[in-house]
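S.K.: This is the structure, below, for whatever I ask next.
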There are 2 protein chains.
Amino acid sequence: MPDNQELAPDTPGSDRQEQAQEKEQPRRRQARGERRIAQLLEAAAHVFCTTGYTAASTNAIAREAGVSPGTLYQFFPNKEAIAIELGDRLMHRMRETYGEALAPVDPATPLEEAVGAAVDRFIAFNCDHPVFFALMHGPDIPGRISEEHDALHATLLARVTDLLSSLLPDTADPADLARTAQMCLGMYKAGLELVLGHAGAEREAYVQELKNALVRYLEPLVGARLGTPARAGA
Amino acid sequence: MPDNQELAPDTPGSDRQEQAQEKEQPRRRQARGERRIAQLLEAAAHVFCTTGYTAASTNAIAREAGVSPGTLYQFFPNKEAIAIELGDRLMHRMRETYGEALAPVDPATPLEEAVGAAVDRFIAFNCDHPVFFALMHGPDIPGRISEEHDALHATLLARVTDLLSSLLPDTADPADLARTAQMCLGMYKAGLELVLGHAGAEREAYVQELKNALVRYLEPLVGARLGTPARAGA
DNA sequence: GACAAACGCGAGTGGTCGCTCGCATTCTGG
DNA sequence: CCAGAATGCGAGCGACCACTCGCGTTTGTC
């Protein structure tokens, strides 16, 4: 509920001019400007969270940040760019913090442990940054962000697929594996929505329920492997 | 205006319940008007499906229906009313067609059969009426429709809960049961999204995958009961 | 056929929103 | 210290949208 996401300005003291793909010059920023940008992004996160992307007005974001509309457009070319930048920073933060959450593919890890760790990490991230969920689930979001969403989805899908193929190395059909990965992601999404919709002990219970669902779904697929006899109760 | 006179135009082929729920006078409609309403709702369904509710403009709906904006407002007081009426008709249709999909609670039914039947029926409905999904999942939808969404969700939740409690009659905690029902609905929603996103054989495969996930999730909970040994392969 | 009401139209209205522009203020390099 | 850039402001512009209004057309009823 509390969006306590302070967004660090990326690597202060280093300017990047190698953006040759954009014909725009890398606009010199003062420390004040970087602060304003962070302030605006925080405000945008709050507004996006409460009203969604399309319903959020740039004036509202500026008001929330305590600046004028003109100031907002000093730092962002348009409304979409705000969401893009916000999404980029969140993605970057996620990668650097929980990037390897899905990576460990030690085949000796019991299923419950692997699933539990991955779920815990991602749930934690989404609880800390509720905007992420809002940005990635809005069906009203225009082109560019949608691309990012697709990219993220593809990335996660690949990770899950890798993790799954390491857990069940002798699976027959890669198409089946792809569907299983899709289903896992979908189940995670559904569970995340339930988790975010509750708090305290109830939230914990839903986290456990999500883990149960995933483990039970995957359990029969790892039947070839030995071990993993435990079954978590609620 | 004069008070309501005899309000029984023939209205061929359809009952009228709208005069009872509207406290306003029930605007006498001609057959032409009813046709226009159906036409407009069909157009609205198409536009809502492709662009979402908020992004859909009433002018676009009118254009899609081949009428003028003024004509649209001859039959609907505002944009929201269009979605409301559309939602009402869909809900009514769903109830009368698949209302008992979740109802049968014969404890002798094997789990796979119960889950499979329920999933098949609801998947079929959602495939026939994609607007339903669009209307019920838009986070951008204003108050009234959101209430309907909540009502539907609560109804489905109650049905699922009933069905579950009939399948596992000796479950300990009703809170656990509620969470399980929520999780089932969430899994169904996630699976539905995957199903709608594919076609042909791939769609069928996802339907099967959804059934597998639900069955495996619920299987350990019905362990007290005997039978249900089969396991469907993909 | 006459009358009223339902239907149909499409330019127009008020309001919101994304975004701009001119100008004032603060910072920074030389 | 001073030119020039970065920052900051907020009224306002154009576009779009939900919705209206006046008027002409069709339909049901007597």
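In the structure tokens, chains take the letters A, B, ... in the order shown, each chain's residues start at 1, and ligands count up from 1 in the order shown.
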Give one line per residue of chain B that approaches chain C to at most 12 Å, naming the two atoms of the closest pair and their distance in Å to one decimal, counting only C-alpha atoms (C1' of nucleotides); sort by chain then ascending residue number and deliver it as a tab-separated table.
M.R.:
residue	atom	partner	partner_atom	distance
B:Arg27	CA	C:DA6	C1'	9.2
B:Arg28	CA	C:DA6	C1'	7.7
B:Arg29	CA	C:DA6	C1'	7.0
B:Gln30	CA	C:DA6	C1'	7.0
B:Ala31	CA	C:DA6	C1'	10.3
B:Arg32	CA	C:DC7	C1'	8.1
B:Gly33	CA	C:DC7	C1'	7.4
B:Glu34	CA	C:DC7	C1'	11.2
B:Arg35	CA	C:DC7	C1'	11.6
B:Arg36	CA	C:DC7	C1'	9.8
B:Ile37	CA	C:DC7	C1'	12.0
B:Asn59	CA	C:DG10	C1'	11.3
B:Ala62	CA	C:DC9	C1'	11.8
B:Gly66	CA	C:DG8	C1'	11.4
B:Val67	CA	C:DG8	C1'	8.1
B:Ser68	CA	C:DC9	C1'	6.2
B:Pro69	CA	C:DG10	C1'	7.9
B:Gly70	CA	C:DC9	C1'	6.8
B:Thr71	CA	C:DG8	C1'	5.9
B:Leu72	CA	C:DG8	C1'	9.6
B:Tyr73	CA	C:DG8	C1'	10.8
B:Gln74	CA	C:DC7	C1'	8.2
B:Phe75	CA	C:DC7	C1'	10.1
S.K.: Give the residues of chain B that lie within 9 Å of chain A; count only C-alpha atoms, and format the answer as a PyMOL selection string.
M.R.: chain B and resi 51-55+137-140+176+179-180+182-183+185-191+193-194+205-206+209-210+212-220+234
S.K.: Set the cut-off to 8 Å and count only C-alpha atoms (C1' of nucleotides): what are the residues of chain D that reach chain B? Output as a ChimeraX atom specification.
M.R.: /D:17-19
S.K.: Could you write out the selected residues, including N, CA and C atoms (P, O5', C5', C4', C3', O3' and C1' of nucleotides), as a PDB file, in the first residue's frame?
M.R.:
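again05.pdb written:
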ATOM      1  P    DC D  17     -11.679  11.209 -29.465  1.00  0.00           P
ATOM      2  O5'  DC D  17     -12.576  11.155 -28.165  1.00  0.00           O
ATOM      3  C5'  DC D  17     -12.056  11.645 -26.919  1.00  0.00           C
ATOM      4  C4'  DC D  17     -13.202  12.043 -26.032  1.00  0.00           C
ATOM      5  C3'  DC D  17     -14.511  11.398 -26.440  1.00  0.00           C
ATOM      6  O3'  DC D  17     -15.157  10.841 -25.319  1.00  0.00           O
ATOM      7  C1'  DC D  17     -14.784  13.750 -26.262  1.00  0.00           C
ATOM      8  P    DA D  18     -16.288   9.707 -25.493  1.00  0.00           P
ATOM      9  O5'  DA D  18     -17.433  10.247 -24.521  1.00  0.00           O
ATOM     10  C5'  DA D  18     -17.092  10.622 -23.193  1.00  0.00           C
ATOM     11  C4'  DA D  18     -18.105  11.607 -22.677  1.00  0.00           C
ATOM     12  C3'  DA D  18     -19.557  11.148 -22.788  1.00  0.00           C
ATOM     13  O3'  DA D  18     -20.262  11.528 -21.614  1.00  0.00           O
ATOM     14  C1'  DA D  18     -19.273  13.172 -23.999  1.00  0.00           C
ATOM     15  P    DC D  19     -21.721  10.985 -21.355  1.00  0.00           P
ATOM     16  O5'  DC D  19     -22.582  12.136 -22.031  1.00  0.00           O
ATOM     17  C5'  DC D  19     -22.372  13.484 -21.595  1.00  0.00           C
ATOM     18  C4'  DC D  19     -23.064  14.443 -22.505  1.00  0.00           C
ATOM     19  C3'  DC D  19     -24.518  14.136 -22.891  1.00  0.00           C
ATOM     20  O3'  DC D  19     -25.365  15.103 -22.309  1.00  0.00           O
ATOM     21  C1'  DC D  19     -23.300  15.004 -24.713  1.00  0.00           C
TER      22       DC D  19
END
S.K.: Would you list the contacts of Pro174 (chain B) as a list in words, taking every protein, DNA or RNA residue within 12 Å and counting only C-alpha atoms (C1' of nucleotides), but skipping same-chain residues closer than 6 positions in sequence?
M.R.: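 So, after excluding close chain neighbours, the residues are Thr161, Asp162, Leu164, Ser165, Leu168, Thr180 and Ala181 of chain B.
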S.K.: For CA of Leu221 (chain B) and CA of Glu113 (chain B), determine how far apart the two atoms are, in Å to one decimal place.
M.R.: 15.8 Å
